Every structure is written in structure tokens, then in C-alpha cells.
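Novice: Below is the file final.cif, with mmCIF, C-alpha atoms.
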```cif
data_coords
loop_
_atom_site.group_PDB
_atom_site.id
_atom_site.type_symbol
_atom_site.label_atom_id
_atom_site.label_comp_id
_atom_site.auth_asym_id
_atom_site.auth_seq_id
_atom_site.Cartn_x
_atom_site.Cartn_y
_atom_site.Cartn_z
ATOM 1 C CA MET C 1 -130.100 46.575 204.330
ATOM 2 C CA ALA C 2 -130.632 49.920 202.594
ATOM 3 C CA ARG C 3 -130.712 53.650 203.155
ATOM 4 C CA LYS C 4 -133.675 55.129 204.939
ATOM 5 C CA LYS C 5 -136.114 57.109 202.830
ATOM 6 C CA ASP C 6 -138.457 59.907 203.839
ATOM 7 C CA MET C 7 -141.514 58.142 205.238
ATOM 8 C CA ALA C 8 -144.843 59.349 206.612
ATOM 9 C CA ALA C 9 -145.360 61.696 209.556
ATOM 10 C CA PRO C 10 -147.142 59.227 211.919
ATOM 11 C CA PRO C 11 -144.715 57.774 214.476
ATOM 12 C CA PRO C 12 -143.400 54.291 213.746
ATOM 13 C CA VAL C 13 -144.907 51.255 215.447
ATOM 14 C CA ARG C 14 -142.236 49.546 217.562
ATOM 15 C CA TYR C 15 -141.805 45.918 218.600
ATOM 16 C CA GLU C 16 -139.188 44.076 220.645
ATOM 17 C CA VAL C 17 -137.628 41.273 218.601
ATOM 18 C CA ALA C 18 -134.613 39.034 219.068
ATOM 19 C CA GLY C 19 -132.519 41.318 216.849
ATOM 20 C CA GLY C 20 -133.344 44.446 218.911
ATOM 21 C CA GLU C 21 -136.171 46.873 218.251
ATOM 22 C CA ALA C 22 -138.204 46.543 215.084
ATOM 23 C CA GLU C 23 -140.015 49.556 213.626
ATOM 24 C CA LEU C 24 -142.730 49.737 210.994
ATOM 25 C CA LEU C 25 -142.972 53.036 209.125
ATOM 26 C CA ARG C 26 -145.761 53.861 206.703
ATOM 27 C CA ASP C 27 -144.910 55.376 203.314
ATOM 28 C CA SER C 28 -146.966 58.521 202.774
ATOM 29 C CA GLU C 29 -146.519 58.245 198.989
ATOM 30 C CA ARG C 30 -147.812 54.672 198.540
ATOM 31 C CA GLU C 31 -150.966 53.446 200.209
ATOM 32 C CA GLY C 32 -149.667 49.933 200.838
ATOM 33 C CA GLY C 33 -146.035 50.889 201.432
ATOM 34 C CA TRP C 34 -144.237 49.970 204.654
ATOM 35 C CA MET C 35 -140.591 50.042 205.693
ATOM 36 C CA LEU C 36 -139.355 47.545 208.260
ATOM 37 C CA CYS C 37 -136.316 48.579 210.297
ATOM 38 C CA VAL C 38 -134.471 46.547 212.936
ATOM 39 C CA GLY C 39 -132.121 48.326 215.288
ATOM 40 C CA GLY C 40 -132.595 51.498 213.258
ATOM 41 C CA VAL C 41 -131.399 49.791 210.072
ATOM 42 C CA PRO C 42 -133.817 49.502 207.109
ATOM 43 C CA GLN C 43 -134.287 45.809 206.367
ATOM 44 C CA SER C 44 -137.259 45.643 203.989
ATOM 45 C CA TYR C 45 -139.686 47.762 202.025
ATOM 46 C CA VAL C 46 -143.006 46.022 201.345
ATOM 47 C CA ASP C 47 -145.893 47.302 199.254
ATOM 48 C CA LEU C 48 -148.884 45.230 200.346
ATOM 49 C CA ALA C 49 -150.968 46.528 197.435
ATOM 50 C CA ASP C 50 -148.306 45.903 194.783
ATOM 51 C CA PRO C 51 -145.686 43.224 195.569
ATOM 52 C CA THR C 52 -143.940 43.951 192.257
ATOM 53 C CA HIS C 53 -142.897 47.406 193.526
ATOM 54 C CA LEU C 54 -139.270 47.119 194.662
ATOM 55 C CA ASP C 55 -138.253 50.321 196.412
ATOM 56 C CA PHE C 56 -134.683 49.594 197.514
ATOM 57 C CA GLU C 57 -132.123 49.868 194.706
ATOM 58 C CA TYR C 58 -130.390 46.591 195.530
ATOM 59 C CA MET C 59 -133.728 44.787 195.685
ATOM 60 C CA ARG C 60 -134.548 46.004 192.176
ATOM 61 C CA LEU C 61 -131.292 44.393 191.003
ATOM 62 C CA MET C 62 -132.256 41.156 192.727
ATOM 63 C CA GLY C 63 -135.688 41.323 191.114
ATOM 64 C CA ASP C 64 -134.052 41.742 187.707
ATOM 65 C CA LEU C 65 -131.935 38.682 188.356
ATOM 66 C CA ALA C 66 -134.985 36.660 189.329
ATOM 67 C CA ASP C 67 -136.772 37.871 186.170
ATOM 68 C CA CYS C 68 -133.956 36.688 183.928
ATOM 69 C CA LEU C 69 -133.563 33.167 185.291
ATOM 70 C CA GLY C 70 -135.050 30.502 183.050
ATOM 71 C CA PRO C 71 -138.151 31.006 180.892
ATOM 72 C CA PRO C 72 -139.969 34.293 181.627
ATOM 73 C CA GLY C 73 -142.751 33.849 184.162
ATOM 74 C CA ALA C 74 -142.015 30.162 184.765
ATOM 75 C CA PRO C 75 -142.313 29.067 188.411
ATOM 76 C CA LEU C 76 -139.213 28.728 190.566
ATOM 77 C CA ASP C 77 -138.452 26.620 193.613
ATOM 78 C CA ALA C 78 -136.454 28.914 195.889
ATOM 79 C CA VAL C 79 -134.872 29.074 199.329
ATOM 80 C CA HIS C 80 -134.359 32.488 200.904
ATOM 81 C CA VAL C 81 -131.802 32.692 203.713
ATOM 82 C CA GLY C 82 -132.966 35.722 205.686
ATOM 83 C CA GLY C 83 -136.548 36.861 205.637
ATOM 84 C CA ALA C 84 -137.423 40.214 207.253
ATOM 85 C CA GLY C 85 -140.459 41.470 205.294
ATOM 86 C CA CYS C 86 -140.154 38.779 202.573
ATOM 87 C CA THR C 87 -139.973 41.367 199.792
ATOM 88 C CA LEU C 88 -138.318 39.201 197.135
ATOM 89 C CA PRO C 89 -140.458 36.113 197.878
ATOM 90 C CA ARG C 90 -143.588 38.269 197.426
ATOM 91 C CA TYR C 91 -142.178 39.576 194.138
ATOM 92 C CA ILE C 92 -141.385 36.098 192.807
ATOM 93 C CA ALA C 93 -144.809 34.801 193.847
ATOM 94 C CA ALA C 94 -146.441 37.650 191.897
ATOM 95 C CA THR C 95 -144.256 37.495 188.782
ATOM 96 C CA ARG C 96 -143.801 33.719 188.621
ATOM 97 C CA PRO C 97 -147.116 32.094 189.630
ATOM 98 C CA GLY C 98 -146.802 28.548 190.894
ATOM 99 C CA SER C 99 -143.432 29.141 192.555
ATOM 100 C CA ARG C 100 -142.669 27.268 195.771
ATOM 101 C CA GLN C 101 -140.555 29.220 198.233
ATOM 102 C CA VAL C 102 -139.159 28.724 201.720
ATOM 103 C CA VAL C 103 -137.799 31.537 203.881
ATOM 104 C CA LEU C 104 -135.287 30.670 206.621
ATOM 105 C CA GLU C 105 -135.454 33.309 209.378
ATOM 106 C CA PRO C 106 -134.083 32.758 212.913
ATOM 107 C CA ASP C 107 -135.878 35.660 214.641
ATOM 108 C CA ALA C 108 -139.231 34.218 215.759
ATOM 109 C CA GLU C 109 -140.455 37.550 217.159
ATOM 110 C CA LEU C 110 -139.700 39.295 213.874
ATOM 111 C CA VAL C 111 -141.540 36.585 211.954
ATOM 112 C CA GLN C 112 -144.558 37.144 214.201
ATOM 113 C CA VAL C 113 -144.497 40.902 213.524
ATOM 114 C CA VAL C 114 -144.378 40.254 209.774
ATOM 115 C CA ARG C 115 -147.191 37.722 209.932
ATOM 116 C CA GLU C 116 -149.396 40.143 211.880
ATOM 117 C CA ARG C 117 -148.593 43.466 210.220
ATOM 118 C CA LEU C 118 -147.258 42.516 206.749
ATOM 119 C CA PRO C 119 -149.258 39.325 206.216
ATOM 120 C CA VAL C 120 -147.797 36.545 204.113
ATOM 121 C CA LYS C 121 -150.593 33.980 204.517
ATOM 122 C CA HIS C 122 -152.066 35.012 201.165
ATOM 123 C CA VAL C 123 -148.726 34.783 199.334
ATOM 124 C CA PRO C 124 -149.126 31.542 197.356
ATOM 125 C CA GLY C 125 -146.466 28.875 197.752
ATOM 126 C CA LEU C 126 -144.558 30.673 200.536
ATOM 127 C CA LYS C 127 -143.515 29.077 203.836
ATOM 128 C CA ILE C 128 -141.428 30.565 206.645
ATOM 129 C CA ARG C 129 -139.260 28.327 208.805
ATOM 130 C CA ILE C 130 -137.887 29.728 212.041
ATOM 131 C CA THR C 131 -134.293 28.552 211.877
ATOM 132 C CA ASP C 132 -130.818 29.878 211.167
ATOM 133 C CA GLY C 133 -129.474 29.733 207.638
ATOM 134 C CA ARG C 134 -126.864 27.008 208.132
ATOM 135 C CA THR C 135 -129.254 24.647 209.924
ATOM 136 C CA GLY C 136 -132.160 25.373 207.619
ATOM 137 C CA LEU C 137 -130.189 24.892 204.423
ATOM 138 C CA ALA C 138 -128.626 21.673 205.711
ATOM 139 C CA ALA C 139 -132.141 20.224 205.969
ATOM 140 C CA VAL C 140 -132.948 20.922 202.295
ATOM 141 C CA PRO C 141 -132.582 17.844 200.031
ATOM 142 C CA ASP C 142 -129.952 17.669 197.312
ATOM 143 C CA GLY C 143 -130.936 19.284 194.010
ATOM 144 C CA ALA C 144 -134.223 20.594 195.380
ATOM 145 C CA ASP C 145 -134.196 24.205 194.187
ATOM 146 C CA ASP C 146 -133.731 26.510 191.228
ATOM 147 C CA LEU C 147 -132.645 29.492 193.305
ATOM 148 C CA VAL C 148 -130.982 30.170 196.651
ATOM 149 C CA VAL C 149 -130.986 33.764 197.897
ATOM 150 C CA LEU C 150 -128.791 35.020 200.727
ATOM 151 C CA ASP C 151 -130.088 38.331 202.078
ATOM 152 C CA ALA C 152 -129.405 38.070 205.797
ATOM 153 C CA PHE C 153 -128.210 40.725 208.211
ATOM 154 C CA ALA C 154 -127.686 40.692 211.969
ATOM 155 C CA GLU C 155 -128.292 44.349 212.808
ATOM 156 C CA ALA C 156 -126.323 45.964 209.971
ATOM 157 C CA SER C 157 -123.836 43.193 209.204
ATOM 158 C CA MET C 158 -123.940 40.058 207.099
ATOM 159 C CA PRO C 159 -123.367 36.980 209.318
ATOM 160 C CA VAL C 160 -119.879 35.741 208.469
ATOM 161 C CA GLU C 161 -120.879 32.080 208.869
ATOM 162 C CA LEU C 162 -123.157 32.545 205.835
ATOM 163 C CA ALA C 163 -120.317 33.879 203.677
ATOM 164 C CA THR C 164 -117.858 30.984 203.917
ATOM 165 C CA ARG C 165 -116.918 28.477 201.237
ATOM 166 C CA GLU C 166 -118.378 25.686 203.346
ATOM 167 C CA PHE C 167 -121.776 27.383 203.262
ATOM 168 C CA VAL C 168 -121.521 28.060 199.512
ATOM 169 C CA LEU C 169 -120.759 24.378 198.942
ATOM 170 C CA ASP C 170 -124.000 23.540 200.743
ATOM 171 C CA VAL C 171 -125.791 26.019 198.468
ATOM 172 C CA GLU C 172 -124.300 24.188 195.478
ATOM 173 C CA ARG C 173 -125.606 20.896 196.868
ATOM 174 C CA VAL C 174 -129.152 22.255 197.160
ATOM 175 C CA LEU C 175 -129.292 23.718 193.645
ATOM 176 C CA ARG C 176 -130.504 21.850 190.588
ATOM 177 C CA SER C 177 -128.384 21.718 187.461
ATOM 178 C CA GLY C 178 -128.457 25.250 186.079
ATOM 179 C CA GLY C 179 -129.762 26.694 189.358
ATOM 180 C CA ALA C 180 -128.530 30.075 190.574
ATOM 181 C CA TYR C 181 -127.219 31.580 193.798
ATOM 182 C CA MET C 182 -127.808 35.237 194.661
ATOM 183 C CA VAL C 183 -126.057 37.113 197.501
ATOM 184 C CA ASN C 184 -126.628 40.572 198.923
ATOM 185 C CA VAL C 185 -123.408 41.819 200.534
ATOM 186 C CA ALA C 186 -122.809 45.261 202.065
ATOM 187 C CA ASP C 187 -119.402 46.906 202.221
ATOM 188 C CA GLY C 188 -117.657 50.260 202.144
ATOM 189 C CA PHE C 189 -114.209 51.790 201.658
ATOM 190 C CA ARG C 190 -112.133 49.675 199.232
ATOM 191 C CA LEU C 191 -114.637 46.796 199.546
ATOM 192 C CA PRO C 192 -112.308 44.240 201.181
ATOM 193 C CA TYR C 193 -115.156 42.069 202.474
ATOM 194 C CA ALA C 194 -117.130 42.137 199.219
ATOM 195 C CA ARG C 195 -114.006 41.093 197.317
ATOM 196 C CA ARG C 196 -113.585 38.073 199.572
ATOM 197 C CA VAL C 197 -117.279 37.155 199.319
ATOM 198 C CA ALA C 198 -117.072 37.309 195.517
ATOM 199 C CA ALA C 199 -113.850 35.270 195.552
ATOM 200 C CA THR C 200 -115.545 32.680 197.761
ATOM 201 C CA VAL C 201 -118.505 32.306 195.399
ATOM 202 C CA ARG C 202 -116.192 32.184 192.351
ATOM 203 C CA SER C 203 -114.236 29.343 193.972
ATOM 204 C CA VAL C 204 -117.360 27.130 193.837
ATOM 205 C CA PHE C 205 -119.364 28.189 190.754
ATOM 206 C CA ARG C 206 -118.212 28.280 187.114
ATOM 207 C CA HIS C 207 -120.056 31.501 186.281
ATOM 208 C CA THR C 208 -120.199 34.527 188.599
ATOM 209 C CA LEU C 209 -121.117 38.173 188.144
ATOM 210 C CA LEU C 210 -121.518 41.223 190.337
ATOM 211 C CA LEU C 211 -123.981 44.139 190.164
ATOM 212 C CA ALA C 212 -123.609 47.393 192.072
ATOM 213 C CA ASP C 213 -124.048 51.132 191.978
ATOM 214 C CA PRO C 214 -120.910 52.647 190.369
ATOM 215 C CA GLY C 215 -120.138 54.728 193.457
ATOM 216 C CA VAL C 216 -120.364 51.695 195.720
ATOM 217 C CA LEU C 217 -118.319 49.635 193.266
ATOM 218 C CA ARG C 218 -115.538 52.204 193.404
ATOM 219 C CA GLY C 219 -115.556 51.990 197.199
ATOM 220 C CA ARG C 220 -116.611 55.607 197.567
ATOM 221 C CA ARG C 221 -119.592 54.931 199.822
ATOM 222 C CA PHE C 222 -121.056 52.121 201.862
ATOM 223 C CA GLY C 223 -123.723 50.173 200.035
ATOM 224 C CA ASN C 224 -125.017 46.905 198.657
ATOM 225 C CA LEU C 225 -123.461 44.691 196.007
ATOM 226 C CA ILE C 226 -125.241 41.700 194.460
ATOM 227 C CA VAL C 227 -123.254 38.592 193.578
ATOM 228 C CA ALA C 228 -124.914 35.989 191.337
ATOM 229 C CA ALA C 229 -123.516 32.599 190.408
ATOM 230 C CA SER C 230 -124.353 29.359 188.644
ATOM 231 C CA HIS C 231 -122.726 26.424 186.914
ATOM 232 C CA ALA C 232 -124.733 27.433 183.839
ATOM 233 C CA PRO C 233 -124.094 30.692 181.946
ATOM 234 C CA LEU C 234 -125.875 33.655 183.510
ATOM 235 C CA PRO C 235 -128.036 36.093 181.476
ATOM 236 C CA SER C 236 -125.395 38.807 181.686
ATOM 237 C CA ALA C 237 -126.342 40.597 178.450
ATOM 238 C CA GLU C 238 -129.934 41.178 179.550
ATOM 239 C CA LEU C 239 -128.876 42.007 183.099
ATOM 240 C CA GLY C 240 -126.339 44.492 181.779
ATOM 241 C CA ARG C 241 -129.015 46.241 179.714
ATOM 242 C CA ARG C 242 -131.362 46.429 182.685
ATOM 243 C CA ALA C 243 -128.628 47.670 185.005
ATOM 244 C CA ALA C 244 -127.543 50.399 182.593
ATOM 245 C CA GLY C 245 -131.054 51.538 181.715
ATOM 246 C CA GLY C 246 -132.932 51.242 184.994
ATOM 247 C CA ILE C 247 -133.929 53.942 187.448
ATOM 248 C CA ALA C 248 -131.178 52.714 189.750
ATOM 249 C CA ARG C 249 -128.157 52.674 187.453
ATOM 250 C CA ALA C 250 -125.700 49.873 188.168
ATOM 251 C CA ARG C 251 -122.613 48.278 186.657
ATOM 252 C CA LEU C 252 -122.265 44.606 185.843
ATOM 253 C CA VAL C 253 -118.845 43.044 186.415
ATOM 254 C CA GLU C 254 -117.900 39.537 185.230
ATOM 255 C CA GLY C 255 -115.098 37.492 183.677
ATOM 256 C CA GLY C 256 -111.674 39.090 183.746
ATOM 257 C CA ASP C 257 -113.046 42.282 185.269
ATOM 258 C CA LEU C 258 -114.485 40.316 188.185
ATOM 259 C CA ALA C 259 -111.190 38.477 188.613
ATOM 260 C CA ALA C 260 -109.470 41.876 188.773
ATOM 261 C CA PHE C 261 -112.080 43.083 191.281
ATOM 262 C CA CYS C 262 -111.304 40.111 193.524
ATOM 263 C CA GLY C 263 -107.615 40.912 193.080
ATOM 264 C CA GLY C 264 -106.292 37.719 194.615
ATOM 265 C CA ALA C 265 -108.631 37.901 197.616
ATOM 266 C CA ALA C 266 -108.787 34.579 199.449
ATOM 267 C CA PRO C 267 -112.057 32.697 199.916
ATOM 268 C CA LEU C 268 -113.576 32.830 203.389
ATOM 269 C CA HIS C 269 -113.596 29.665 205.498
ATOM 270 C CA ASP C 270 -115.327 28.428 208.636
ATOM 271 C CA GLY C 271 -113.377 29.224 211.787
ATOM 272 C CA GLU C 272 -111.583 32.195 210.265
ATOM 273 C CA GLU C 273 -111.266 35.310 212.402
ATOM 274 C CA ILE C 274 -113.017 38.006 210.388
ATOM 275 C CA THR C 275 -115.599 40.668 211.157
ATOM 276 C CA ALA C 276 -118.170 41.769 208.622
ATOM 277 C CA PRO C 277 -118.167 45.519 207.924
ATOM 278 C CA VAL C 278 -120.563 47.802 209.782
ATOM 279 C CA PRO C 279 -121.962 50.847 207.931
ATOM 280 C CA PRO C 280 -121.353 54.339 209.260
ATOM 281 C CA PRO C 281 -124.346 55.813 211.133
ATOM 282 C CA GLN C 282 -124.909 58.473 208.445
ATOM 283 C CA ALA C 283 -125.730 55.697 205.972
ATOM 284 C CA PHE C 284 -129.188 55.571 207.547
ATOM 285 C CA GLY C 285 -129.716 59.255 208.166
ATOM 286 C CA ARG C 286 -128.472 59.157 211.753
ATOM 287 C CA PRO C 287 -126.006 61.801 212.969
#
```
Could you express the structure from this file as C-alpha cells?

Specialist:
Amino acid sequence: MARKKDMAAPPPVRYEVAGGEAELLRDSEREGGWMLCVGGVPQSYVDLADPTHLDFEYMRLMGDLADCLGPPGAPLDAVHVGGAGCTLPRYIAATRPGSRQVVLEPDAELVQVVRERLPVKHVPGLKIRITDGRTGLAAVPDGADDLVVLDAFAEASMPVELATREFVLDVERVLRSGGAYMVNVADGFRLPYARRVAATVRSVFRHTLLLADPGVLRGRRFGNLIVAASHAPLPSAELGRRAAGGIARARLVEGGDLAAFCGGAAPLHDGEEITAPVPPPQAFGRP
């Protein structure tokens, strides 16, 4: 999920999918650039000519994380919970040749749109399975992957069943020793949901950090925050340099500062009555 950007003049191409209405908008500034929206909410930006171009700010942070895991350019085995346009899987396939990746996406109609209009058949090592995240991850063998990515939204909200401690424990089961977990969470004023998501991840993994735009981190506007975790130390020094010096400036929070950010927030659990935050309409340029 991200803010809309100014796209090309031609009207969007629309499709009916399980999640509502999907739109494909061409980017007038990049020949291979497309934005995929579902229910009016931007879900993915894909550059078919250059899969290393990451347009959304939060996706650039996720790309930096993927870059810094393990030896540079070495292949990764990864599971992506939530697919949309498969932006990060395309990026990893391009920057880490030989990677094997599986995308778990429950919306079969959306997958068909992506396969037809934003083709993935030429992305080496990538498979898409039409299944929900809990079911799909449960079918992955123990210790099978180096990376699990959670970037799933139903309309504009993160599915709560993918934020619970029980789900994170299944992520831990799937990861190899030293493997990493990466979560895209969206929140707004005072960030109560993001604090609980971070607390949930911290309750399972020894090392956790958070990356976000300073304005979002202060709870001044709705936006995306990236939580990363592992039982092995994370490359926080390099990530901090990238976050501070990139086009999309971000802050890295870890250790005692992350504990203070969580502020005693309780981990989320299955069966708990909680609703994920919904962004205000103006977040996507709607009145």
C-alpha cells in the first residue's frame, strides 16, 4: 500500500477481482512503468523494463533490507505472503540471480491479471500459489527459507490473522538459522497497531528493527513502517546509512529505542478482537 502518484493521461484499464476492482495505470515518465491499484488503493508499482526500479518509498526500504541480507548478490530462498504485482520478487530475482521464490496470493483473479498484463513467466525462480497466507505458509517445510516477507493488504488494511504471534511462530519455523522476516505494516495517528505488530515480532525473534519515514514514525501521517527480524544480528549499520542517505529518508529504530517505541504494547494473538487501521481517503488523493 502506498500513496498514488501522478500517472499517465490514458484512462486506467479495469478488472473485476476478488478484492474489488483492480486498475492498471501507465506511468508516463517510465516506458515500462505500471501502477496496480485494488479498490482505489495503490498496491504495486512495477517497471517491466527495469525490475530494480522501486518507486514506492517503503518498497525501496524493503529492497535495501533484501540487499543487505547475507553475501551481496547471493541467491535467496524466499516466501512472499501477499503478491499483487510481485515487485519485490522481481527485484530479488534481478539482484540475486539463482533465487527461488514463492508468492502466496489468495486472489486468483488478481493473479490472472498480473500474469496477463505484468507477466511473471520470465522471472526466473518465481512461482505463485493461489492460497491465503496462513494456509500457504503452513505447507512450507521447516527451515526451508532464508527470507519470509509479509506484504499483504485486504483493500487498505493488513489482515489481522497475519499479524498474530501464532503466525510469526510459523514464520520462525519456516526460516533457516540466520533467516530474516520482513513485515510491511501501515498505521496512522499514534501508531497503536504498528506498536503491537512490532511487539509481536520482538516476542519471537532475538533481533528486531524498524524503518520508517520520520513523519510516519512520529504518528503525524498515515504511512508504511517496515519491521525486520531475525535470530541472527541484522545489518543495522548499513541499513541505517542507506536509510539516512537515500532519496526516501527514513529512520532506523532498534534496541532500547524500539522497546520504547513498543511502550509495553502487548503481542497480538489469534482470536483477539482487533481491527487493523484504515487510511484516510486523502492518503490516496481522494477527496

Novice: Name the closest residue to Glu161 (chain C) among the candidates C:Asp145, C:Glu238, C:Glu29, C:Asp270; distances are taken between atoms, counting all atoms listed in the file.

Specialist: C:Asp270

Novice: If the PyMOL selection byres ((chain C and resi 202) around 12) is run on the structure shown, which residues does it catch, given as number ranges by chain?

Specialist: C: 164-165, 168-169, 172, 181, 195-201, 203-210, 227-231, 254-256, 258-259, 261-262, 264-268

Novice: With 8 Å added on each side, what axis-aligned box encloses every listed atom of region 73-79 of chain C? Give the centre and edge lengths in Å to one decimal, as AutoDock Vina command-line options.

Specialist:
```
--center_x -138.8 --center_y 30.2 --center_z 191.7 --size_x 23.9 --size_y 23.2 --size_z 31.2
```

Novice: Name the residues within 6 Å of (-121.9, 42.7, 202.7), counting only C-alpha atoms in the file's coordinates, and put them as a list of chain:residue names.

Specialist: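 Final list of nearby residues, as requested, is C:Met158, C:Val185, C:Ala186, C:Asp187, C:Ala194.
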
Novice: Go ahead and save the picked residues with C-alpha atoms, as an mmCIF file, keeping the file's coordinate frame.

Specialist:
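Result file again00.cif:
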```
data_model
loop_
_atom_site.group_PDB
_atom_site.id
_atom_site.type_symbol
_atom_site.label_atom_id
_atom_site.label_comp_id
_atom_site.auth_asym_id
_atom_site.auth_seq_id
_atom_site.Cartn_x
_atom_site.Cartn_y
_atom_site.Cartn_z
ATOM 1 C CA MET C 158 -123.940 40.058 207.099
ATOM 2 C CA VAL C 185 -123.408 41.819 200.534
ATOM 3 C CA ALA C 186 -122.809 45.261 202.065
ATOM 4 C CA ASP C 187 -119.402 46.906 202.221
ATOM 5 C CA ALA C 194 -117.130 42.137 199.219
#
```

Novice: Determine the residue set returned by the PyMOL selection byres ((chain C and resi 112) around 12) for the present structure, and present it as a PyMOL selection string.

Specialist: chain C and resi 15-18+22+83-85+105-111+113-121+128-130

Novice: Quote the spacing between CA of Val46 (chain C) and CA of Ile226 (chain C) in Å to one decimal place.

Specialist: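 Rounded to one decimal, the two atoms are 19.5 Å apart.
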
Novice: Select, from C:Asp146, C:Asp170, C:Asp213, C:Asp77, the residue with the minimum atom-to-atom distance to Ala244 (chain C), counting only C-alpha atoms.

Specialist: C:Asp213

Novice: Point out the residue among C:Ala74, C:Ala144, C:Leu88, C:Gly188 with the least atom-to-atom distance to Ser157 (chain C), counting only C-alpha atoms.

Specialist: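 Comparing C:Ala74, C:Ala144, C:Leu88, C:Gly188 against Ser157 (chain C), the winner is C:Gly188.
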
Novice: Quick one: residues within 9 Å of Asp151 (chain C), all atoms listed in the file counted, chain neighbours fewer than 5 positions away excluded, as a ChimeraX atom specification?

Specialist: /C:1,80-83,158,182-185

Novice: Neighbouring residues of Leu137 (chain C) were defined as those with any atom within 10 Å, considering all atoms listed in the file; residues of the same chain fewer than 5 positions away were excluded. Please report them as a PDB file with C-alpha atoms, in the frame of the given file.

Specialist:
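The resulting file, part.pdb, is reproduced below:
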```
ATOM      1  CA  VAL C  79    -134.872  29.074 199.329  1.00  0.00           C
ATOM      2  CA  HIS C  80    -134.359  32.488 200.904  1.00  0.00           C
ATOM      3  CA  VAL C  81    -131.802  32.692 203.713  1.00  0.00           C
ATOM      4  CA  LEU C 104    -135.287  30.670 206.621  1.00  0.00           C
ATOM      5  CA  THR C 131    -134.293  28.552 211.877  1.00  0.00           C
ATOM      6  CA  ASP C 132    -130.818  29.878 211.167  1.00  0.00           C
ATOM      7  CA  VAL C 148    -130.982  30.170 196.651  1.00  0.00           C
ATOM      8  CA  PHE C 167    -121.776  27.383 203.262  1.00  0.00           C
ATOM      9  CA  ASP C 170    -124.000  23.540 200.743  1.00  0.00           C
ATOM     10  CA  VAL C 171    -125.791  26.019 198.468  1.00  0.00           C
ATOM     11  CA  ARG C 173    -125.606  20.896 196.868  1.00  0.00           C
ATOM     12  CA  VAL C 174    -129.152  22.255 197.160  1.00  0.00           C
TER      13      VAL C 174
END
```

Novice: Under the rule that all atoms listed in the file are counted, which of C:Asp67, C:Asp257, C:Asp55, C:Glu166 is the nearest residue to Gly33 (chain C)?

Specialist: C:Asp55

Novice: Which one is closest to Leu61 (chain C): C:Ala156, C:Ala260, C:Val253, C:Leu225? Count only C-alpha atoms.

Specialist: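 For Leu61 (chain C), the nearest of the given residues is C:Leu225.
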
Novice: Considering all atoms listed in the file, state which residue in the set C:Ile92, C:Leu175, C:Cys86, C:Val278 is at the smallest distance from Ala232 (chain C).

Specialist: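 Checking each candidate against Ala232 (chain C), we get C:Leu175 as the closest.
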
Novice: How far is it from CA of Arg100 (chain C) to CA of Arg134 (chain C), in Å with one decimal?

Specialist: 20.1 Å

Novice: One number please: CA of Pro124 (chain C) to CA of Tyr45 (chain C), in Å, one decimal.

Specialist: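 It comes out at 19.3 Å.
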
Novice: Evaluated on this file, the PyMOL selection byres ((chain C and resi 221) around 9) picks out some residues - which ones are they, written as a ChimeraX atom specification?

Specialist: /C:187-189,215-220,222-223,283

Novice: Export C-alpha atoms of the chosen residues as an mmCIF file, in the coordinates of the input?

Specialist:
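Okay, this is what ended up in result_6.cif:
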```
data_model
loop_
_atom_site.group_PDB
_atom_site.id
_atom_site.type_symbol
_atom_site.label_atom_id
_atom_site.label_comp_id
_atom_site.auth_asym_id
_atom_site.auth_seq_id
_atom_site.Cartn_x
_atom_site.Cartn_y
_atom_site.Cartn_z
ATOM 1 C CA ASP C 187 -119.402 46.906 202.221
ATOM 2 C CA GLY C 188 -117.657 50.260 202.144
ATOM 3 C CA PHE C 189 -114.209 51.790 201.658
ATOM 4 C CA GLY C 215 -120.138 54.728 193.457
ATOM 5 C CA VAL C 216 -120.364 51.695 195.720
ATOM 6 C CA LEU C 217 -118.319 49.635 193.266
ATOM 7 C CA ARG C 218 -115.538 52.204 193.404
ATOM 8 C CA GLY C 219 -115.556 51.990 197.199
ATOM 9 C CA ARG C 220 -116.611 55.607 197.567
ATOM 10 C CA PHE C 222 -121.056 52.121 201.862
ATOM 11 C CA GLY C 223 -123.723 50.173 200.035
ATOM 12 C CA ALA C 283 -125.730 55.697 205.972
#
```
